[in-house]
file target09.cif (mmCIF, C-alpha atoms)
data_input
#
loop_
_atom_site.label_atom_id
_atom_site.label_comp_id
_atom_site.auth_asym_id
_atom_site.auth_seq_id
_atom_site.Cartn_x
_atom_site.Cartn_y
_atom_site.Cartn_z
CA MET A 263 9.49 -29.49 -36.27
CA PRO A 264 6.31 -27.65 -35.07
CA ALA A 265 8.39 -25.80 -32.48
CA PHE A 266 10.80 -24.78 -35.26
CA HIS A 267 7.96 -23.38 -37.36
CA ASN A 268 6.58 -21.46 -34.35
CA SER A 269 9.93 -19.96 -33.38
CA PRO A 270 9.54 -16.76 -35.51
CA ARG A 271 6.16 -16.08 -33.87
CA VAL A 272 7.63 -16.69 -30.42
CA ALA A 273 10.51 -14.32 -31.19
CA VAL A 274 8.15 -11.60 -32.44
CA THR A 275 5.90 -11.99 -29.38
CA THR A 276 8.88 -11.87 -27.05
CA LEU A 277 10.28 -8.73 -28.68
CA ARG A 278 6.86 -7.09 -28.68
CA TRP A 279 6.25 -7.78 -25.01
CA GLY A 280 9.79 -6.83 -24.13
CA PHE A 281 9.26 -3.44 -25.76
CA LEU A 282 5.87 -2.92 -24.06
CA LEU A 283 7.21 -3.81 -20.61
CA LEU A 284 10.31 -1.67 -20.99
CA LEU A 285 8.11 1.24 -22.07
CA LEU A 286 5.72 0.65 -19.19
CA GLY A 287 8.42 0.16 -16.54
CA GLY A 288 10.45 3.13 -17.73
CA SER A 289 7.50 5.51 -17.85
CA VAL A 290 5.98 4.40 -14.54
CA GLY A 291 9.38 4.45 -12.82
CA SER A 292 10.03 7.98 -14.08
CA VAL A 293 6.65 9.31 -12.96
CA CYS A 294 7.03 7.57 -9.58
CA ALA A 295 10.43 9.23 -9.22
CA LEU A 296 8.80 12.60 -9.84
CA PHE A 297 6.04 11.72 -7.40
CA LEU A 298 8.46 10.71 -4.63
CA TRP A 299 10.54 13.85 -5.17
CA LEU A 300 7.42 15.99 -4.94
CA LEU A 301 6.36 14.19 -1.76
CA ASP A 302 9.76 14.91 -0.18
CA GLN A 303 9.45 18.57 -1.15
CA ALA A 304 5.91 18.78 0.18
CA THR A 305 6.90 17.15 3.47
CA ASP A 306 9.90 19.47 3.93
CA ILE A 307 7.74 22.52 3.22
CA ARG A 308 5.11 21.33 5.71
CA PHE A 309 7.78 20.77 8.38
CA GLU A 310 9.17 24.27 7.79
CA THR A 311 5.76 25.95 7.51
CA PRO A 312 3.57 24.56 10.31
CA TRP A 313 0.68 26.94 9.65
CA LEU A 314 -0.06 25.16 6.35
CA ILE A 315 -2.12 22.63 8.26
CA PHE A 316 -4.85 25.25 8.69
CA GLY A 317 -5.39 25.09 4.94
CA LEU A 318 -6.14 21.34 5.05
CA PRO A 319 -9.95 21.67 4.88
CA LEU A 320 -9.79 24.03 1.90
CA ALA A 321 -7.15 21.90 0.15
CA GLY A 322 -9.36 18.82 0.53
CA VAL A 323 -12.33 20.64 -0.95
CA GLY A 324 -10.22 21.83 -3.90
CA VAL A 325 -9.03 18.33 -4.76
CA ALA A 326 -12.54 16.89 -4.34
CA LEU A 327 -13.97 19.49 -6.72
CA LEU A 328 -11.22 18.70 -9.23
CA TYR A 329 -12.26 15.04 -9.15
CA GLN A 330 -15.94 15.95 -9.36
CA TRP A 331 -15.41 18.12 -12.44
CA PHE A 332 -12.78 16.08 -14.30
CA GLY A 333 -12.31 12.73 -12.55
CA GLY A 334 -15.16 10.60 -13.82
CA LYS A 335 -14.38 6.95 -13.05
CA SER A 336 -10.95 7.91 -11.70
CA ALA A 337 -12.47 8.47 -8.26
CA ALA A 338 -12.78 4.68 -7.87
CA GLY A 339 -8.99 4.48 -7.63
CA ASN A 340 -7.29 1.12 -7.16
CA ASN A 341 -10.59 -0.73 -7.16
CA LEU A 342 -11.28 0.43 -10.72
CA ILE A 343 -8.03 -1.15 -11.92
CA ILE A 344 -8.71 -4.43 -10.10
CA ASP A 345 -12.28 -4.52 -11.44
CA GLU A 346 -11.00 -3.87 -14.95
CA ILE A 347 -8.63 -6.85 -14.68
CA HIS A 348 -11.36 -9.17 -13.41
CA LYS A 349 -14.08 -7.97 -15.76
CA PRO A 350 -12.99 -5.63 -18.57
CA GLY A 351 -15.40 -2.79 -19.14
CA GLY A 352 -14.96 0.88 -19.90
CA GLY A 353 -11.22 0.91 -19.28
CA VAL A 354 -8.94 2.90 -17.00
CA PRO A 355 -8.76 6.61 -17.97
CA PHE A 356 -5.29 8.11 -18.36
CA ARG A 357 -6.34 11.23 -16.45
CA MET A 358 -6.31 9.08 -13.32
CA ALA A 359 -2.50 9.45 -13.13
CA PRO A 360 -2.15 13.25 -13.05
CA LEU A 361 -5.24 13.66 -10.88
CA VAL A 362 -4.11 11.26 -8.17
CA LEU A 363 -0.52 12.54 -8.29
CA PHE A 364 -1.65 16.13 -7.80
CA GLY A 365 -4.27 15.22 -5.19
CA THR A 366 -1.83 13.17 -3.13
CA VAL A 367 0.91 15.80 -3.15
CA VAL A 368 -1.60 18.45 -2.07
CA SER A 369 -2.91 16.18 0.69
CA HIS A 370 0.62 15.68 2.04
CA LEU A 371 1.55 19.34 1.71
CA PHE A 372 -1.27 20.31 4.05
CA GLY A 373 -0.89 17.34 6.41
CA ALA A 374 -3.51 14.69 5.59
CA SER A 375 -2.62 11.30 7.07
CA VAL A 376 -2.54 9.30 3.84
CA GLY A 377 -0.01 7.11 2.05
CA ARG A 378 1.49 6.81 -1.41
CA GLU A 379 0.96 3.26 -2.67
CA GLY A 380 -2.50 4.04 -4.04
CA THR A 381 -1.05 6.83 -6.13
CA ALA A 382 1.74 4.64 -7.51
CA VAL A 383 -0.62 1.78 -8.36
CA GLN A 384 -3.01 4.17 -10.12
CA ILE A 385 -0.12 5.70 -12.05
CA GLY A 386 0.93 2.20 -13.11
CA GLY A 387 -2.58 1.16 -14.06
CA SER A 388 -3.38 4.30 -16.04
CA PHE A 389 -0.10 4.15 -17.97
CA ALA A 390 -0.64 0.45 -18.69
CA ALA A 391 -4.14 1.15 -19.99
CA ALA A 392 -2.90 4.02 -22.17
CA ILE A 393 -0.12 1.89 -23.68
CA GLY A 394 -2.57 -0.94 -24.26
CA ARG A 395 -4.96 1.34 -26.12
CA LEU A 396 -2.11 2.86 -28.14
CA PHE A 397 -1.00 -0.57 -29.35
CA ARG A 398 -4.56 -1.94 -29.57
CA LEU A 399 -4.00 -4.90 -27.30
CA HIS A 400 -6.79 -7.42 -27.01
CA VAL A 401 -8.52 -8.11 -23.71
CA GLN A 402 -6.19 -10.80 -22.33
CA ASP A 403 -3.03 -8.85 -23.19
CA MET A 404 -4.53 -5.71 -21.65
CA ARG A 405 -5.23 -7.68 -18.48
CA LEU A 406 -1.59 -8.78 -18.26
CA LEU A 407 -0.36 -5.24 -18.89
CA LEU A 408 -2.60 -3.82 -16.15
CA MET A 409 -1.18 -6.37 -13.71
CA ALA A 410 2.31 -5.34 -14.80
CA GLY A 411 1.36 -1.69 -14.27
CA ILE A 412 0.29 -2.41 -10.68
CA ALA A 413 3.57 -4.22 -10.06
CA ALA A 414 5.62 -1.43 -11.63
CA GLY A 415 4.02 1.27 -9.49
CA PHE A 416 4.33 -0.70 -6.28
CA GLY A 417 7.90 -1.85 -6.90
CA ALA A 418 9.10 1.64 -7.81
CA VAL A 419 7.44 3.58 -5.00
CA PHE A 420 8.80 1.33 -2.23
CA GLY A 421 12.05 0.19 -3.85
CA THR A 422 10.96 -3.47 -3.56
CA PRO A 423 10.81 -4.93 -7.09
CA VAL A 424 10.29 -8.57 -6.08
CA ALA A 425 7.52 -7.65 -3.64
CA GLY A 426 6.04 -5.44 -6.36
CA ALA A 427 5.93 -8.33 -8.80
CA VAL A 428 4.27 -10.68 -6.31
CA PHE A 429 1.87 -7.92 -5.22
CA GLY A 430 0.76 -7.48 -8.84
CA LEU A 431 -0.24 -11.16 -8.88
CA GLU A 432 -1.53 -11.57 -5.34
CA VAL A 433 -3.67 -8.46 -4.88
CA LEU A 434 -6.32 -9.55 -7.38
CA THR A 435 -7.67 -12.74 -5.83
CA LEU A 436 -7.39 -14.12 -2.31
CA GLY A 437 -5.56 -17.45 -2.30
CA ARG A 438 -4.73 -17.65 -6.03
CA LEU A 439 -1.92 -16.45 -8.28
CA ASP A 440 -1.98 -16.19 -12.08
CA TYR A 441 1.44 -17.50 -13.04
CA ALA A 442 0.85 -16.63 -16.69
CA ALA A 443 1.62 -13.05 -15.66
CA LEU A 444 4.69 -13.90 -13.58
CA LEU A 445 7.35 -12.81 -16.07
CA PRO A 446 5.56 -9.62 -17.26
CA VAL A 447 4.98 -8.35 -13.71
CA ALA A 448 8.57 -9.13 -12.72
CA VAL A 449 10.06 -7.33 -15.72
CA ALA A 450 7.84 -4.28 -15.27
CA SER A 451 8.52 -4.02 -11.54
CA ILE A 452 12.30 -4.43 -11.88
CA VAL A 453 12.54 -1.93 -14.75
CA ALA A 454 10.39 0.60 -12.87
CA ASP A 455 12.54 0.25 -9.75
CA TRP A 456 15.76 0.63 -11.76
CA THR A 457 14.38 3.69 -13.52
CA CYS A 458 13.25 5.32 -10.29
CA HIS A 459 16.69 4.72 -8.78
CA ALA A 460 18.42 6.06 -11.90
CA TRP A 461 16.63 9.37 -11.34
CA GLY A 462 18.42 9.64 -7.99
CA ILE A 463 15.52 8.65 -5.76
CA HIS A 464 16.46 6.92 -2.51
CA HIS A 465 14.14 5.09 -0.12
CA ALA A 466 14.12 5.03 3.66
CA VAL A 467 16.51 2.50 5.22
CA TYR A 468 15.13 0.49 8.14
CA HIS A 469 17.66 -1.16 10.43
CA VAL A 470 16.84 -4.49 12.08
CA GLY A 471 19.90 -5.50 14.07
CA PHE A 472 18.46 -8.70 15.54
CA ARG A 473 20.30 -11.71 14.12
CA GLY A 474 19.09 -14.61 16.23
CA ILE A 475 19.69 -15.96 19.74
CA ALA A 476 22.86 -17.85 20.63
CA ALA A 477 22.46 -21.54 21.42
CA ALA A 478 24.11 -23.23 24.43
CA ASP A 479 27.20 -24.01 22.36
CA GLY A 480 27.50 -20.39 21.27
CA SER A 481 26.31 -20.99 17.70
CA MET A 482 23.57 -18.91 16.10
CA PHE A 483 20.42 -20.46 14.64
CA HIS A 484 17.91 -18.69 12.44
CA VAL A 485 14.88 -19.34 14.66
CA ASN A 486 14.11 -19.69 18.35
CA ALA A 487 10.96 -21.64 19.25
CA ILE A 488 9.90 -19.47 22.21
CA LEU A 489 10.51 -16.27 20.27
CA LEU A 490 8.55 -17.66 17.32
CA VAL A 491 5.55 -18.37 19.56
CA LYS A 492 5.70 -14.82 20.90
CA VAL A 493 5.80 -13.43 17.37
CA GLY A 494 2.81 -15.61 16.52
CA PHE A 495 0.79 -14.13 19.40
CA ALA A 496 1.80 -10.63 18.33
CA ALA A 497 0.71 -11.49 14.78
CA VAL A 498 -2.82 -12.08 16.05
CA CYS A 499 -2.80 -8.47 17.29
CA PHE A 500 -1.44 -7.33 13.94
CA GLY A 501 -4.24 -9.15 12.13
CA LEU A 502 -6.87 -7.57 14.37
CA ALA A 503 -5.34 -4.16 13.68
CA SER A 504 -5.56 -4.91 9.94
CA ARG A 505 -9.21 -5.77 10.29
CA ALA A 506 -9.94 -2.70 12.40
CA PHE A 507 -8.31 -0.50 9.76
CA ALA A 508 -10.09 -2.04 6.76
CA ASP A 509 -13.49 -2.20 8.44
CA GLY A 510 -13.01 1.24 9.93
CA VAL A 511 -12.30 2.91 6.58
CA HIS A 512 -15.33 1.39 4.86
CA ARG A 513 -17.79 1.87 7.73
CA LEU A 514 -16.67 5.41 8.57
CA ALA A 515 -16.82 6.37 4.89
CA GLY A 516 -20.44 5.18 4.86
CA VAL A 517 -21.21 7.26 7.95
CA PHE A 518 -19.75 10.41 6.37
CA GLN A 519 -21.61 9.75 3.13
CA ARG A 520 -24.92 9.56 4.99
CA LEU A 521 -24.19 12.63 7.08
CA CYS A 522 -22.87 14.66 4.15
CA PRO A 523 -24.04 13.50 0.69
CA SER A 524 -21.94 16.18 -1.08
CA ALA A 525 -18.59 14.51 -1.82
CA TRP A 526 -16.74 17.80 -2.18
CA ILE A 527 -17.69 18.96 1.33
CA ARG A 528 -16.61 15.79 3.16
CA PRO A 529 -12.84 16.57 2.99
CA ALA A 530 -13.55 19.87 4.74
CA ILE A 531 -15.07 17.90 7.62
CA GLY A 532 -12.05 15.58 7.63
CA GLY A 533 -9.70 18.56 7.65
CA VAL A 534 -11.45 20.17 10.60
CA LEU A 535 -11.45 16.89 12.53
CA THR A 536 -7.73 16.48 11.83
CA LEU A 537 -7.06 19.98 13.16
CA LEU A 538 -9.09 19.13 16.25
CA LEU A 539 -7.08 15.94 16.83
CA VAL A 540 -3.79 17.83 16.49
CA TRP A 541 -5.02 20.41 19.02
CA ILE A 542 -6.16 17.72 21.49
CA LEU A 543 -2.92 15.72 21.29
CA GLY A 544 -0.60 18.70 20.96
CA THR A 545 1.51 16.97 18.31
CA ARG A 546 1.81 16.82 14.52
CA ASP A 547 3.48 13.40 14.51
CA TYR A 548 0.47 11.73 12.91
CA LEU A 549 0.24 13.94 9.83
CA GLY A 550 1.50 12.89 6.41
CA LEU A 551 3.41 9.67 5.80
CA GLY A 552 4.99 9.42 9.25
CA THR A 553 8.21 7.88 7.97
CA VAL A 554 10.23 10.54 9.81
CA SER A 555 9.25 13.02 12.49
CA HIS A 556 9.66 16.78 12.38
CA VAL A 557 11.05 16.72 15.94
CA GLU A 558 13.77 14.56 17.44
CA GLY A 559 12.33 11.54 19.21
CA GLY A 560 8.86 12.05 17.77
CA ALA A 561 6.63 9.15 16.75
CA SER A 562 7.71 7.89 13.33
CA ILE A 563 8.29 4.63 11.52
CA LEU A 564 12.07 4.98 11.72
CA ASN A 565 11.98 5.74 15.45
CA PHE A 566 9.83 2.69 16.17
CA PHE A 567 12.85 0.52 15.33
CA GLY A 568 14.96 2.27 17.98
CA ALA A 569 15.12 2.47 21.76
CA GLY A 570 12.18 4.85 22.23
CA TYR A 571 8.85 3.55 23.49
CA TYR A 572 5.61 4.71 21.86
CA PRO A 573 2.72 2.78 23.45
CA TRP A 574 -0.27 4.46 21.75
CA SER A 575 1.15 5.98 18.57
CA TRP A 576 -0.19 3.14 16.42
CA LEU A 577 -3.75 3.83 17.60
CA TRP A 578 -3.57 7.56 17.00
CA LYS A 579 -2.18 7.04 13.50
CA LEU A 580 -5.07 4.68 12.82
CA VAL A 581 -7.56 7.35 13.93
CA PHE A 582 -5.92 10.12 11.88
CA THR A 583 -5.80 7.93 8.77
CA LEU A 584 -9.37 6.70 9.09
CA VAL A 585 -10.57 10.31 9.27
CA ALA A 586 -8.52 11.34 6.22
CA LEU A 587 -9.41 8.39 3.97
CA ALA A 588 -13.07 8.14 5.00
CA THR A 589 -13.63 11.80 4.15
CA GLY A 590 -12.07 11.55 0.70
CA PHE A 591 -8.44 12.68 0.89
CA LYS A 592 -6.28 11.16 -1.86
CA GLY A 593 -3.20 9.02 -1.32
CA GLY A 594 -3.01 5.46 -0.15
CA GLU A 595 -3.27 3.21 2.86
CA VAL A 596 -0.01 1.30 2.91
CA THR A 597 2.48 3.69 4.51
CA PRO A 598 0.03 4.49 7.33
CA LEU A 599 -0.34 0.72 7.74
CA PHE A 600 3.45 0.49 8.01
CA PHE A 601 3.30 3.13 10.75
CA ILE A 602 0.49 1.33 12.58
CA GLY A 603 2.22 -2.04 12.33
CA ALA A 604 5.68 -0.85 13.37
CA GLY A 605 4.16 1.27 16.15
CA LEU A 606 2.12 -1.65 17.46
CA GLY A 607 5.23 -3.84 17.34
CA ASN A 608 7.11 -1.20 19.32
CA ALA A 609 4.29 -1.08 21.89
CA LEU A 610 4.09 -4.87 22.28
CA SER A 611 7.83 -5.47 22.37
CA PRO A 612 8.53 -4.87 26.08
CA LEU A 613 5.28 -6.58 27.09
CA MET A 614 6.20 -9.76 25.21
CA GLY A 615 9.96 -9.71 25.69
CA VAL A 616 10.72 -9.53 21.97
CA PRO A 617 13.52 -7.36 20.52
CA VAL A 618 11.93 -4.07 19.52
CA ASP A 619 13.52 -3.85 16.07
CA LEU A 620 12.40 -7.38 15.21
CA LEU A 621 8.78 -6.91 16.32
CA ALA A 622 8.58 -3.47 14.71
CA GLY A 623 9.74 -5.08 11.44
CA VAL A 624 7.23 -7.92 11.74
CA GLY A 625 4.41 -5.48 12.48
CA PHE A 626 5.50 -3.23 9.61
CA VAL A 627 4.74 -5.95 7.04
CA ALA A 628 2.15 -8.04 8.90
CA VAL A 629 -0.50 -5.32 9.34
CA PHE A 630 -0.17 -4.51 5.65
CA ALA A 631 -0.41 -8.22 4.78
CA GLY A 632 -3.66 -8.56 6.70
CA ALA A 633 -5.23 -5.39 5.33
CA ALA A 634 -4.22 -5.95 1.69
CA ASN A 635 -4.54 -9.78 1.78
CA THR A 636 -1.04 -10.14 0.30
CA PRO A 637 1.02 -12.27 2.74
CA LEU A 638 3.53 -13.49 0.16
CA ALA A 639 4.27 -10.03 -1.24
CA CYS A 640 4.73 -8.69 2.29
CA THR A 641 7.12 -11.49 3.21
CA PHE A 642 9.23 -10.67 0.16
CA MET A 643 9.02 -6.99 1.10
CA ALA A 644 10.43 -7.77 4.54
CA VAL A 645 13.37 -9.57 2.97
CA GLU A 646 14.05 -6.69 0.58
CA LEU A 647 13.80 -4.04 3.30
CA PHE A 648 15.23 -5.79 6.37
CA GLY A 649 17.29 -8.72 5.05
CA ALA A 650 16.61 -12.45 4.97
CA THR A 651 18.04 -13.49 8.36
CA ASP A 652 14.72 -13.20 10.22
CA VAL A 653 12.48 -14.27 7.35
CA ILE A 654 10.76 -17.01 9.39
CA TYR A 655 9.50 -14.43 11.88
CA TYR A 656 8.35 -12.11 9.08
CA ALA A 657 6.57 -14.93 7.28
CA THR A 658 4.90 -16.10 10.49
CA GLY A 659 3.65 -12.58 11.19
CA CYS A 660 2.31 -12.10 7.66
CA PHE A 661 0.62 -15.50 7.38
CA ILE A 662 -1.12 -15.32 10.75
CA ALA A 663 -2.21 -11.70 10.28
CA TYR A 664 -3.62 -12.63 6.88
CA LEU A 665 -5.77 -15.37 8.42
CA VAL A 666 -6.88 -13.31 11.42
CA SER A 667 -7.98 -10.34 9.32
CA GLY A 668 -10.74 -12.45 7.75
CA HIS A 669 -12.53 -11.58 4.52
CA THR A 670 -12.01 -7.86 4.85
CA GLY A 671 -9.50 -5.65 3.12
CA ILE A 672 -8.62 -2.21 1.84
CA TYR A 673 -9.36 -3.26 -1.77
CA LEU A 674 -13.03 -4.19 -2.00
CA SER A 675 -12.68 -5.35 -5.62
CA GLN A 676 -10.55 -8.33 -4.59
CA ARG A 677 -12.15 -11.69 -5.34
CA ILE A 678 -12.15 -14.63 -2.95
CA GLY A 679 -10.45 -17.43 -4.86
CA THR A 680 -9.68 -19.71 -1.93
CA PRO A 681 -11.44 -18.83 1.36
CA LYS A 682 -9.11 -18.30 4.30
CA LEU A 683 -11.02 -20.87 6.32
CA ALA A 684 -13.27 -23.73 5.18
CA LEU A 685 -15.97 -22.19 7.36
CA PHE A 686 -16.34 -19.43 4.74
CA SER A 687 -16.49 -21.66 1.66
CA LYS A 688 -19.82 -20.13 0.57
CA GLU A 689 -18.02 -16.83 -0.04
CA GLN A 690 -15.75 -18.32 -2.71
CA GLY A 691 -15.92 -16.39 -5.98
CA GLN A 692 -17.44 -13.29 -4.41
CA SER A 693 -15.76 -9.92 -4.12
CA LEU A 694 -14.92 -8.41 -0.74
CA ARG A 695 -17.41 -5.69 -1.61
CA ASP A 696 -20.19 -8.29 -1.79
CA VAL A 697 -19.13 -9.88 1.49
CA CYS A 698 -18.80 -6.57 3.36
CA ASN A 699 -22.16 -5.25 2.08
CA ARG A 700 -24.15 -8.22 3.29
#
call {"tool": "encode", "arguments": {"input": "target09.cif", "output": "structure tokens"}}
result
Amino acid sequence: MPAFHNSPRVAVTTLRWGFLLLLLGGSVGSVCALFLWLLDQATDIRFETPWLIFGLPLAGVGVALLYQWFGGKSAAGNNLIIDEIHKPGGGVPFRMAPLVLFGTVVSHLFGASVGREGTAVQIGGSFAAAIGRLFRLHVQDMRLLLMAGIAAGFGAVFGTPVAGAVFGLEVLTLGRLDYAALLPVAVASIVADWTCHAWGIHHAVYHVGFRGIAAADGSMFHVNAILLVKVGFAAVCFGLASRAFADGVHRLAGVFQRLCPSAWIRPAIGGVLTLLLVWILGTRDYLGLGTVSHVEGGASILNFFGAGYYPWSWLWKLVFTLVALATGFKGGEVTPLFFIGAGLGNALSPLMGVPVDLLAGVGFVAVFAGAANTPLACTFMAVELFGATDVIYYATGCFIAYLVSGHTGIYLSQRIGTPKLALFSKEQGQSLRDVCNR
């Protein structure tokens, strides 16, 4: 009888949340579609107009001044959204969305080595906050909607709705998931992905042809013990690369801040250093996203899954991206992490006797898992991008890289819910910012 009396309230709540999540997913998916289309246009223009790279220092200064004049709290980026979920305060300003969209497109147009996930997550978070304020949601509902906004942005920008949903739960706290938000994040991520696809946006297709090793009787089994051990050793390298990236961004940013206190000048320094690196290496392969190359056979994520061998491309991409992010260029970290991981997998493949497409795929998700502290989301991402046949190898890579990377990460606002090792139990409840600043 009590359940019968509560059924009208449950129905109203369900309809209300259904409307909010459809509105959120549809709007975030549409803006992400626009964002991805603009990124494609910017990349094509940069490929066709190589001299644009010489405008990178000036472009960086322009975007930095725009943030200085109009950004306010928006400059905190993803960390502001995560902080707002953990401890509600002044809110997430809506201007974060147009500012980061414009800043990221400009960064890619002129060749900064940045990603796109940060932009999508900030779009999702700012739209969620705006909808929450419009409908006057209370604190707990706003928290759920912000998590759904993160999931929507992530799921739409990569075309991985399940990974987006899990990412929205997992990115907040190491070792803990808030299952109360499970359905909202899933709905928002799926709707955003559908909407983005409905606008005609297509994502890169990565081909992993490895389908197991034949047993003595000719049958195929989904895992080979020796190969699994090799992948595990490679995963240690992926975790160390994750740690080097996360620590490198934070430490190098501190160095540039001490050397140049004026935030609007730092991108000019990063732009000049990027130009210098391009001149030294004689290649533009490490500019922009790096999903495809402007020349046939160049270093790119897609080519890392093929027959070409690129022994040091992962390291150069790491250097280019550290310079760009540490000096204040807008974008994200994830696609460069994909490049670094797939490139490192390509480099290790012949040394370890592992099929190149398999190890490139494992590295693709494992380096991201270690840097973002999201091993479950990255395992689901591997399944959505590469198929489920090799999921044990992907999961092994993500789980080991997550442990090896330690209590570091690209999102300093993450809280430590369950320490990765009992040795670090005293760090439980702290943020990565607190741990890294000690």
call {"tool": "resolve_selection", "arguments": {"input": "target09.cif", "expression": "the PyMOL selection byres ((chain A and resi 629) around 10)", "output": "ChimeraX atom specification"}}
result
/A:497-505,507,596,599-604,606-607,624-628,630-635,637,640,659-660,663-664,667
call {"tool": "residues_around", "arguments": {"input": "target09.cif", "residues": "segment 548-558 of chain A", "least_positions_apart": "2", "cutoff": "7 Å", "atoms": "all atoms listed in the file", "output": "MDAnalysis selection string"}}
result
chainID A and resid 309 370 373:377 546 560:564 579 582 597:598 601
call {"tool": "atom_distance", "arguments": {"input": "target09.cif", "atom1": "atom CA of Lys492 of chain A", "atom2": "atom CA of Glu646 of chain A"}}
result
23.4 Å
call {"tool": "resolve_selection", "arguments": {"input": "target09.cif", "expression": "the PyMOL selection byres ((chain A and resi 315-331) around 8)", "output": "list of chain:residue names"}}
result
A:Arg308, A:Pro312, A:Trp313, A:Leu314, A:Phe332, A:Gly333, A:Gly334, A:Ser336, A:Ala337, A:Leu361, A:Gly365, A:Val368, A:Ser369, A:Phe372, A:Gly373, A:Ala374, A:Ala525, A:Trp526, A:Ile527, A:Arg528, A:Pro529, A:Ala530, A:Ile531, A:Gly532, A:Gly533, A:Val534, A:Leu537, A:Gly590, A:Phe591
call {"tool": "resolve_selection", "arguments": {"input": "target09.cif", "expression": "the PyMOL selection byres ((chain A and resi 648-652) around 10)", "output": "PDB file with C-alpha atoms, in the coordinates of the input"}}
result
ATOM      1  CA  VAL A 467      16.510   2.500   5.220  1.00  0.00           C
ATOM      2  CA  TYR A 468      15.130   0.490   8.140  1.00  0.00           C
ATOM      3  CA  HIS A 469      17.660  -1.160  10.430  1.00  0.00           C
ATOM      4  CA  VAL A 470      16.840  -4.490  12.080  1.00  0.00           C
ATOM      5  CA  GLY A 471      19.900  -5.500  14.070  1.00  0.00           C
ATOM      6  CA  PHE A 472      18.460  -8.700  15.540  1.00  0.00           C
ATOM      7  CA  ARG A 473      20.300 -11.710  14.120  1.00  0.00           C
ATOM      8  CA  GLY A 474      19.090 -14.610  16.230  1.00  0.00           C
ATOM      9  CA  PHE A 483      20.420 -20.460  14.640  1.00  0.00           C
ATOM     10  CA  HIS A 484      17.910 -18.690  12.440  1.00  0.00           C
ATOM     11  CA  VAL A 485      14.880 -19.340  14.660  1.00  0.00           C
ATOM     12  CA  LEU A 620      12.400  -7.380  15.210  1.00  0.00           C
ATOM     13  CA  GLY A 623       9.740  -5.080  11.440  1.00  0.00           C
ATOM     14  CA  VAL A 624       7.230  -7.920  11.740  1.00  0.00           C
ATOM     15  CA  THR A 641       7.120 -11.490   3.210  1.00  0.00           C
ATOM     16  CA  PHE A 642       9.230 -10.670   0.160  1.00  0.00           C
ATOM     17  CA  MET A 643       9.020  -6.990   1.100  1.00  0.00           C
ATOM     18  CA  ALA A 644      10.430  -7.770   4.540  1.00  0.00           C
ATOM     19  CA  VAL A 645      13.370  -9.570   2.970  1.00  0.00           C
ATOM     20  CA  GLU A 646      14.050  -6.690   0.580  1.00  0.00           C
ATOM     21  CA  LEU A 647      13.800  -4.040   3.300  1.00  0.00           C
ATOM     22  CA  VAL A 653      12.480 -14.270   7.350  1.00  0.00           C
ATOM     23  CA  ILE A 654      10.760 -17.010   9.390  1.00  0.00           C
ATOM     24  CA  TYR A 655       9.500 -14.430  11.880  1.00  0.00           C
ATOM     25  CA  TYR A 656       8.350 -12.110   9.080  1.00  0.00           C
ATOM     26  CA  ALA A 657       6.570 -14.930   7.280  1.00  0.00           C
TER      27      ALA A 657
END
call {"tool": "closest_residue", "arguments": {"input": "target09.cif", "among": "A:Leu535, A:Glu595, A:Asp302, A:Pro573", "to": "Val383 of chain A", "atoms": "only C-alpha atoms"}}
result
A:Glu595
